[in-house]
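Participant: entry-v8.txt is the file, holding compact mmCIF, C-alpha atoms and all ligand atoms:
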# COMPACT_ATOMS: atom_id res chain seq x y z
CA MET A 1 -11.57 14.40 17.19
CA LYS A 2 -8.90 12.85 14.99
CA LYS A 3 -9.98 10.27 12.43
CA ARG A 4 -8.55 6.78 12.83
CA VAL A 5 -6.82 5.45 9.73
CA PHE A 6 -5.70 1.92 8.96
CA SER A 7 -3.65 0.67 6.03
CA GLY A 8 -1.04 -1.94 5.21
CA ILE A 9 1.41 -3.29 2.66
CA GLN A 10 2.33 -6.89 1.92
CA PRO A 11 5.98 -7.92 2.42
CA SER A 12 5.61 -9.98 -0.74
CA GLY A 13 8.41 -8.35 -2.73
CA GLU A 14 10.74 -5.38 -2.66
CA MET A 15 8.99 -2.00 -2.21
CA HIS A 16 8.65 0.17 -5.29
CA LEU A 17 7.76 3.73 -6.22
CA GLY A 18 4.05 2.80 -6.58
CA ASN A 19 3.89 1.62 -2.95
CA TYR A 20 5.67 4.82 -1.89
CA LEU A 21 3.78 7.42 -3.95
CA GLY A 22 0.40 5.67 -3.77
CA ALA A 23 0.54 4.84 -0.07
CA ILE A 24 3.50 5.47 2.28
CA LYS A 25 4.22 9.10 1.26
CA ASN A 26 0.55 10.01 1.84
CA TRP A 27 0.53 8.29 5.24
CA VAL A 28 3.61 10.25 6.30
CA GLU A 29 2.20 13.59 5.10
CA ALA A 30 -1.12 13.09 6.93
CA GLN A 31 0.21 11.48 10.11
CA HIS A 32 -0.22 14.62 12.24
CA ASP A 33 -3.91 14.95 11.32
CA ASN A 34 -4.98 11.40 12.17
CA GLU A 35 -4.72 8.54 14.64
CA ASN A 36 -2.63 6.09 12.61
CA ILE A 37 -2.43 2.32 12.49
CA PHE A 38 -0.14 0.93 9.78
CA CYS A 39 0.39 -2.77 9.38
CA ILE A 40 2.77 -5.09 7.60
CA VAL A 41 0.34 -7.63 6.21
CA ASP A 42 2.41 -10.81 6.23
CA LEU A 43 -0.69 -13.05 6.35
CA HIS A 44 -1.80 -11.53 3.07
CA ALA A 45 1.63 -12.15 1.56
CA ILE A 46 1.31 -15.94 2.05
CA THR A 47 -1.79 -16.11 -0.19
CA VAL A 48 0.85 -16.74 -2.86
CA PRO A 49 3.93 -18.91 -2.14
CA GLN A 50 6.73 -17.17 -0.19
CA ASP A 51 10.18 -18.33 0.83
CA PRO A 52 10.03 -18.31 4.68
CA THR A 53 13.47 -16.75 5.26
CA THR A 54 12.86 -14.06 2.67
CA LEU A 55 9.39 -13.29 4.04
CA HIS A 56 10.81 -12.82 7.55
CA ARG A 57 13.54 -10.51 6.22
CA ARG A 58 11.11 -8.50 4.07
CA THR A 59 8.74 -8.03 7.01
CA ARG A 60 11.52 -6.30 8.99
CA ASP A 61 12.70 -4.41 5.89
CA LEU A 62 9.19 -3.07 5.36
CA ALA A 63 9.04 -1.88 8.97
CA LYS A 64 12.34 -0.08 8.36
CA ILE A 65 10.95 1.49 5.18
CA TYR A 66 7.91 2.82 7.08
CA LEU A 67 10.25 4.39 9.64
CA ALA A 68 12.83 5.55 7.10
CA ALA A 69 10.13 7.28 5.04
CA GLY A 70 9.19 9.33 8.10
CA LEU A 71 6.43 7.55 10.02
CA ASP A 72 6.83 8.56 13.65
CA PRO A 73 6.32 5.52 15.91
CA LYS A 74 5.07 7.81 18.71
CA ARG A 75 2.16 8.94 16.53
CA THR A 76 1.70 5.73 14.60
CA ALA A 77 1.24 2.14 15.66
CA ILE A 78 3.40 0.05 13.32
CA PHE A 79 2.92 -3.68 13.70
CA VAL A 80 2.96 -7.07 11.99
CA GLN A 81 -0.45 -8.52 11.12
CA SER A 82 0.38 -12.06 12.33
CA HIS A 83 1.31 -10.69 15.79
CA ILE A 84 -2.38 -10.01 16.55
CA LYS A 85 -4.39 -13.22 16.33
CA GLU A 86 -7.76 -11.46 16.05
CA HIS A 87 -7.04 -10.69 12.36
CA THR A 88 -7.38 -14.34 11.36
CA GLU A 89 -10.15 -14.99 13.88
CA LEU A 90 -12.36 -12.17 12.57
CA ALA A 91 -11.48 -13.08 8.97
CA TRP A 92 -12.99 -16.54 9.60
CA LEU A 93 -16.25 -14.97 10.75
CA PHE A 94 -16.26 -12.84 7.61
CA ASN A 95 -15.53 -15.88 5.41
CA CYS A 96 -18.78 -17.30 6.76
CA VAL A 97 -20.76 -14.07 6.30
CA THR A 98 -19.55 -13.14 2.78
CA PRO A 99 -21.32 -14.68 -0.23
CA LEU A 100 -18.94 -16.56 -2.55
CA GLY A 101 -20.13 -14.40 -5.45
CA TRP A 102 -18.86 -11.22 -3.77
CA ALA A 103 -15.38 -12.68 -3.22
CA SER A 104 -15.02 -14.27 -6.64
CA ARG A 105 -15.94 -10.99 -8.39
CA MET A 106 -12.82 -9.24 -7.06
CA THR A 107 -10.56 -8.09 -9.90
CA GLN A 108 -7.34 -8.86 -7.99
CA TYR A 109 -8.48 -12.46 -7.38
CA LYS A 110 -9.43 -12.90 -11.03
CA GLU A 111 -6.09 -11.49 -12.22
CA LYS A 112 -3.90 -13.39 -9.76
CA SER A 113 -5.69 -16.73 -10.19
CA ALA A 114 -6.18 -16.38 -13.96
CA GLU A 115 -3.25 -18.51 -15.09
CA LYS A 116 -3.58 -21.40 -12.65
CA LYS A 117 -7.07 -21.26 -11.18
CA GLU A 118 -7.09 -24.81 -9.81
CA GLN A 119 -3.67 -24.40 -8.19
CA SER A 120 -4.22 -20.93 -6.68
CA SER A 121 -4.75 -21.01 -2.91
CA VAL A 122 -8.09 -20.75 -1.12
CA GLY A 123 -6.34 -17.93 0.76
CA LEU A 124 -6.16 -15.88 -2.43
CA LEU A 125 -9.94 -16.00 -2.67
CA ALA A 126 -10.22 -15.18 1.06
CA TYR A 127 -7.77 -12.25 0.80
CA PRO A 128 -10.48 -9.52 0.85
CA MET A 129 -12.18 -10.95 3.96
CA LEU A 130 -8.83 -10.84 5.78
CA MET A 131 -8.42 -7.24 4.60
CA ALA A 132 -11.94 -6.45 5.86
CA ALA A 133 -10.95 -7.92 9.23
CA ASP A 134 -7.77 -5.78 9.32
CA ILE A 135 -9.74 -2.58 8.81
CA LEU A 136 -12.89 -3.33 10.79
CA LEU A 137 -11.07 -4.69 13.88
CA TYR A 138 -9.82 -1.17 14.57
CA GLN A 139 -13.09 0.63 13.73
CA ALA A 140 -11.13 2.72 11.21
CA ASP A 141 -12.70 5.83 9.69
CA GLY A 142 -10.41 5.98 6.65
CA VAL A 143 -8.32 3.59 4.61
CA PRO A 144 -5.60 5.42 2.64
CA VAL A 145 -4.75 3.18 -0.33
CA GLY A 146 -3.83 3.35 -4.00
CA ASP A 147 -6.64 3.18 -6.53
CA ASP A 148 -6.08 -0.59 -7.13
CA GLN A 149 -7.35 -1.39 -3.60
CA LYS A 150 -10.59 0.62 -3.85
CA GLN A 151 -12.67 -2.43 -4.75
CA HIS A 152 -11.47 -4.27 -1.63
CA VAL A 153 -12.38 -1.33 0.62
CA GLU A 154 -15.84 -1.22 -0.98
CA LEU A 155 -16.24 -4.94 -0.26
CA THR A 156 -15.16 -4.25 3.34
CA ARG A 157 -18.01 -1.75 3.61
CA ASP A 158 -20.47 -4.28 2.19
CA ILE A 159 -19.33 -6.95 4.65
CA ALA A 160 -19.60 -4.54 7.60
CA GLU A 161 -23.09 -3.42 6.56
CA LYS A 162 -24.27 -7.02 6.11
CA PHE A 163 -22.87 -8.05 9.51
CA ASN A 164 -24.34 -5.00 11.27
CA ARG A 165 -27.74 -5.65 9.67
CA GLU A 166 -27.89 -9.41 10.27
CA TYR A 167 -26.27 -9.66 13.73
CA ALA A 168 -25.58 -6.42 15.63
CA PRO A 169 -24.15 -2.97 14.85
CA VAL A 170 -20.56 -3.88 15.74
CA PHE A 171 -18.57 -2.21 12.96
CA LYS A 172 -17.90 1.35 11.86
CA ILE A 173 -18.26 1.74 8.08
CA PRO A 174 -14.89 2.95 6.73
CA GLU A 175 -14.20 5.22 3.74
CA PRO A 176 -11.52 4.60 1.09
CA TRP A 177 -9.13 7.59 1.05
CA ILE A 178 -7.57 7.78 -2.40
CA ARG A 179 -5.43 10.75 -3.40
CA GLY A 180 -5.76 11.99 -6.99
CA GLU A 181 -2.12 12.21 -8.03
CA GLY A 182 -0.08 9.05 -7.62
CA ALA A 183 -3.13 6.88 -6.99
CA ARG A 184 -1.87 4.62 -9.77
CA ILE A 185 1.80 4.72 -10.77
CA MET A 186 2.26 2.77 -13.97
CA ALA A 187 4.97 0.29 -15.04
CA LEU A 188 7.96 2.04 -16.64
CA ASP A 189 8.29 -0.55 -19.40
CA GLU A 190 4.54 -1.03 -20.01
CA PRO A 191 2.73 2.12 -18.89
CA THR A 192 -0.76 0.72 -19.46
CA LYS A 193 -0.18 -1.66 -16.50
CA LYS A 194 0.34 -0.62 -12.88
CA MET A 195 3.82 -0.72 -11.38
CA SER A 196 3.93 -3.79 -9.17
CA LYS A 197 6.18 -6.07 -7.15
CA SER A 198 5.51 -8.98 -9.45
CA GLY A 199 5.83 -7.09 -12.75
CA GLY A 200 9.50 -7.90 -13.56
CA PRO A 201 12.67 -5.89 -12.89
CA SER A 202 12.28 -3.16 -15.51
CA ASN A 203 8.67 -2.31 -14.57
CA ALA A 204 9.60 -0.58 -11.32
CA ILE A 205 12.01 1.62 -9.44
CA LEU A 206 12.62 -0.01 -6.08
CA LEU A 207 12.92 2.28 -3.08
CA LEU A 208 16.37 0.91 -2.22
CA ASP A 209 17.70 0.89 -5.80
CA SER A 210 21.12 2.52 -6.28
CA PRO A 211 21.33 5.87 -8.15
CA GLU A 212 22.81 3.99 -11.14
CA VAL A 213 19.85 1.62 -11.34
CA ILE A 214 17.34 4.47 -10.94
CA LYS A 215 19.04 6.31 -13.80
CA SER A 216 19.01 3.29 -16.06
CA ARG A 217 15.31 2.50 -15.37
CA ILE A 218 14.16 6.06 -16.06
CA MET A 219 16.31 6.56 -19.17
CA LYS A 220 14.89 3.31 -20.62
CA ALA A 221 11.26 4.09 -19.67
CA THR A 222 8.76 3.69 -22.51
CA THR A 223 7.43 6.95 -23.94
CA ASP A 224 5.95 7.72 -27.39
CA SER A 225 7.00 9.45 -30.57
CA GLY A 226 5.54 12.86 -29.57
CA ARG A 227 7.71 15.89 -28.89
CA ASP A 228 6.00 18.34 -26.55
CA ILE A 229 5.83 17.65 -22.82
CA LYS A 230 2.23 17.71 -21.63
CA PHE A 231 0.08 15.86 -19.07
CA GLU A 232 -2.06 13.98 -21.60
CA ALA A 233 -3.74 10.77 -20.45
CA GLU A 234 -3.60 9.30 -23.95
CA ARG A 235 0.22 9.36 -23.74
CA PRO A 236 0.49 7.01 -20.72
CA GLY A 237 4.30 6.68 -20.59
CA LEU A 238 4.86 10.44 -20.62
CA TYR A 239 1.93 11.04 -18.24
CA ASN A 240 3.41 8.57 -15.77
CA LEU A 241 6.87 10.19 -15.82
CA LEU A 242 5.34 13.64 -15.39
CA THR A 243 3.20 12.38 -12.48
CA ILE A 244 6.32 11.02 -10.76
CA TYR A 245 8.04 14.35 -11.49
CA GLN A 246 5.15 16.27 -9.90
CA LEU A 247 5.10 14.07 -6.80
CA PHE A 248 8.82 14.58 -6.17
CA SER A 249 8.54 18.37 -6.79
CA PRO A 250 7.91 20.80 -3.91
CA ALA A 251 4.34 20.49 -2.52
CA GLY A 252 1.85 22.56 -4.51
CA THR A 253 3.72 22.38 -7.86
CA THR A 254 1.02 22.32 -10.54
CA GLN A 255 0.83 20.48 -13.85
CA GLU A 256 0.80 23.86 -15.65
CA GLN A 257 4.04 24.93 -13.93
CA ILE A 258 5.72 21.68 -14.96
CA GLU A 259 4.52 21.98 -18.57
CA ALA A 260 5.76 25.60 -18.66
CA HIS A 261 9.15 24.49 -17.27
CA PHE A 262 9.59 22.02 -20.14
CA VAL A 263 8.35 24.17 -23.03
CA GLY A 264 10.72 23.71 -26.00
CA GLN A 265 12.49 20.75 -24.31
CA GLY A 266 12.43 17.08 -25.33
CA TYR A 267 11.96 13.78 -23.49
CA GLY A 268 15.74 13.52 -22.92
CA THR A 269 15.71 16.64 -20.72
CA LEU A 270 12.63 15.48 -18.82
CA LYS A 271 14.21 12.10 -18.12
CA LYS A 272 17.54 13.61 -16.98
CA GLU A 273 15.79 16.00 -14.58
CA LEU A 274 13.54 13.22 -13.34
CA VAL A 275 16.57 11.01 -12.61
CA GLU A 276 17.99 13.74 -10.34
CA LEU A 277 14.66 14.39 -8.61
CA VAL A 278 14.02 10.73 -7.85
CA ILE A 279 17.58 10.01 -6.69
CA GLU A 280 17.53 13.03 -4.36
CA GLY A 281 13.93 12.37 -3.30
CA LEU A 282 14.75 8.81 -2.21
CA ARG A 283 18.19 9.57 -0.76
CA PRO A 284 16.98 10.30 2.84
CA LEU A 285 14.89 7.14 2.83
CA ARG A 286 17.86 5.04 1.70
CA GLU A 287 20.18 6.62 4.27
CA ASN A 288 17.68 6.25 7.13
CA PHE A 289 17.07 2.64 6.11
CA ASN A 290 20.80 1.87 6.31
CA GLN A 291 21.02 3.47 9.75
CA LEU A 292 18.05 1.48 11.03
CA SER A 293 19.64 -1.72 9.70
CA ALA A 294 22.49 -1.25 12.17
CA ASP A 295 20.11 -1.77 15.13
CA PRO A 296 17.70 -4.68 14.51
CA CYS A 297 16.54 -4.66 18.18
CA TYR A 298 15.16 -1.13 17.75
CA VAL A 299 12.84 -2.26 14.95
CA GLU A 300 11.71 -5.33 16.92
CA ASP A 301 10.87 -3.06 19.87
CA ILE A 302 8.84 -0.70 17.65
CA LEU A 303 6.85 -3.65 16.25
CA LYS A 304 6.18 -5.08 19.71
CA ASP A 305 5.18 -1.72 21.11
CA GLY A 306 2.88 -1.05 18.12
CA ALA A 307 1.08 -4.37 18.55
CA ASP A 308 0.79 -3.97 22.34
CA ARG A 309 -0.80 -0.53 21.96
CA ILE A 310 -3.57 -1.57 19.60
CA ARG A 311 -4.24 -5.18 20.66
CA PRO A 312 -6.92 -4.09 23.18
CA ILE A 313 -8.95 -2.47 20.35
CA ALA A 314 -8.75 -5.67 18.30
CA GLU A 315 -9.74 -7.82 21.30
CA THR A 316 -12.77 -5.65 22.11
CA THR A 317 -14.08 -5.64 18.54
CA TYR A 318 -13.56 -9.35 18.03
CA LYS A 319 -15.30 -10.19 21.31
CA ALA A 320 -18.32 -8.10 20.25
CA ALA A 321 -18.44 -9.77 16.81
CA LYS A 322 -18.15 -13.26 18.32
CA GLU A 323 -20.91 -12.61 20.83
CA ALA A 324 -23.15 -11.11 18.15
CA MET A 325 -22.86 -14.38 16.21
CA GLY A 326 -23.62 -16.50 19.27
CA LEU A 327 -20.14 -18.01 19.56
CA GLY A 328 -18.59 -19.11 22.83
N1 LIG A 401 1.40 1.10 -8.92
C1 LIG A 401 0.85 1.60 -7.82
N2 LIG A 401 0.45 2.90 -7.80
C2 LIG A 401 -0.10 3.43 -6.66
N3 LIG A 401 -0.27 2.72 -5.52
C3 LIG A 401 0.12 1.43 -5.51
N4 LIG A 401 0.10 0.48 -4.56
C4 LIG A 401 0.63 -0.68 -5.05
N5 LIG A 401 1.00 -0.50 -6.34
C5 LIG A 401 0.70 0.81 -6.65
C6 LIG A 401 -0.42 0.69 -3.22
O1 LIG A 401 0.53 0.21 -2.29
C7 LIG A 401 -0.17 -0.29 -1.16
C8 LIG A 401 0.32 -1.65 -0.82
O2 LIG A 401 0.04 -2.57 -1.83
P1 LIG A 401 0.25 -4.11 -1.52
O3 LIG A 401 1.67 -4.45 -1.48
O4 LIG A 401 -0.47 -4.52 -0.31
O5 LIG A 401 -0.49 -4.81 -2.67
P2 LIG A 401 -0.42 -4.67 -4.16
O6 LIG A 401 -1.25 -3.53 -4.60
O7 LIG A 401 -0.83 -5.99 -4.68
O8 LIG A 401 1.11 -4.41 -4.48
P3 LIG A 401 1.87 -4.79 -5.76
O9 LIG A 401 3.16 -4.11 -5.72
O10 LIG A 401 1.05 -4.55 -6.98
O11 LIG A 401 2.14 -6.33 -5.57
P4 LIG A 401 1.83 -7.53 -6.53
O12 LIG A 401 2.72 -7.41 -7.71
O13 LIG A 401 2.14 -8.71 -5.68
O14 LIG A 401 0.37 -7.45 -6.90
C9 LIG A 401 -1.65 -0.25 -1.47
O15 LIG A 401 -2.20 0.91 -0.88
C10 LIG A 401 -1.67 -0.14 -2.96
O16 LIG A 401 -2.83 0.51 -3.42
Rewrite the structure of this file - the entire thing - as structure tokens.
Facilitator:
Amino acid sequence: MKKRVFSGIQPSGEMHLGNYLGAIKNWVEAQHDNENIFCIVDLHAITVPQDPTTLHRRTRDLAKIYLAAGLDPKRTAIFVQSHIKEHTELAWLFNCVTPLGWASRMTQYKEKSAEKKEQSSVGLLAYPMLMAADILLYQADGVPVGDDQKQHVELTRDIAEKFNREYAPVFKIPEPWIRGEGARIMALDEPTKKMSKSGGPSNAILLLDSPEVIKSRIMKATTDSGRDIKFEAERPGLYNLLTIYQLFSPAGTTQEQIEAHFVGQGYGTLKKELVELVIEGLRPLRENFNQLSADPCYVEDILKDGADRIRPIAETTYKAAKEAMGLG
């Protein structure tokens, strides 16, 4: 029996190497082993202000990135979160089941609301209950995410256990699936922080950046004053570049092989080789993306088909949850 996996990405900015190496690349590599449901979580994106036209464009662009990176729509349901109404309906039930203390302890909420707590949306606080609804609606076994989302998957488990205990055993308890390498790609300009959509232009390499921009970002990446090239966690800038190098190398390349390759070389050589690896590694994605852009109807059809295939699962789970709570 194949395991069912669910994951998603917010169309809240342009996609970067962290989204690719921490999430999409792993989904593509494991797609033959699992039953896959991958979502574009536009309802999560609006927990912070979005320009409507840009959000609509980024939602389609993200679908194209999923496909361009190699997700096969025959094996994988790709859909837009707001196209299946049960996500918001189940999230409301979870808002009423989850103690406020659990939600307000979430690191992402604390970080994102830190500057303007009074102005930040109620939706930002409710973000993890919507994420729990996404995952639990489909009775997913595994949730492949980057390390930054682990806390939200653990909260999802807590919500499911509480609901099952207090009402009825409706939900499967999912596991976070977090790969070791690439689980947290760090910002190029500030390698103690994670690479993110909101971190400013020089923190990230975007998946659709031109070769010139990729070169400039990598050559300017922050390193340290050391000389030898080693995977050492206390040298975060170097460690991050080497991690990216490893993830774009042929599968199975070890840290020892990479260190041996660079013996006697300096950071300049590492950066130049990394520029080539990343440009070539992202080239197929960029080319596929451009091809897909020529046929917008194809992408719309994939999104409609994805939602139609999985909607019955969402309807069944939501109905069971509603009945368990005595609604209707
Ligand atoms: N730096 C990262 N390293 C590894 N994985 C990462 N992910 C995000 N950043 C890194 C993984 O990408 C998936 C989608 O993330 P998301 O877009 O839903 O949310 P996010 O983590 O909030 O993304 P950003 O880019 O960091 O956005 P902002 O700046 O808005 O906060 C998830 O699997 C995530 O783990």
Participant: Taking only C-alpha atoms and all ligand atoms and a cut-off of 6 Å, can you tell me which residues surround ligand LIG 401 (chain A), written as a list of chain:residue names?
Facilitator: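 The neighbouring residues of ligand LIG 401 (chain A) are, in order, A:Ile9, A:Gln10, A:Gly18, A:Asn19, A:Gly22, A:Ala23, A:Val145, A:Gly146, A:Asp147, A:Asp148, A:Gln149, A:Gly182, A:Ala183, A:Arg184, A:Ile185, A:Met186, A:Lys194, A:Met195, A:Ser196, A:Lys197, A:Ser198, A:Gly199.
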Participant: In terms of the shortest atom-to-atom distance over only C-alpha atoms, which of A:Phe163, A:Tyr20, A:Phe79, A:Tyr127 is closest to A:Asn36?
Facilitator: A:Phe79
Participant: So how far away is atom CA of A:Asp134 from atom CA of A:Arg105, in Å?
Facilitator: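 Distance between the two atoms: 20.2 Å.
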Participant: Using all atoms listed in the file, determine which residues lie at most 9 Å from stretch 315-328 of chain A, disregarding the query and same-chain residues fewer than 6 positions distant; provide the list as a PyMOL selection string.
Facilitator: chain A and resi 86-87+89-90+93+136-139+163+167-171
Participant: Can you pull out the residues contacting stretch 244-258 of chain A? Cut-off 8 Å, using all atoms listed in the file, and skip same-chain residues under 4 positions away; I want them as a list in words.
Facilitator: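 The residues that qualify are Leu21, Glu181, Gly182, Ile185, Phe231, Asn240, Phe262, Leu274, Leu277, Val278 and Gly281 of chain A.
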Participant: My list of candidates is A:Lys193, A:Arg309, A:Lys3, A:His56. Which is closest to A:Gln31 when distances are computed with all atoms listed in the file?
Facilitator: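 Closest to A:Gln31 of all the choices is A:Lys3.
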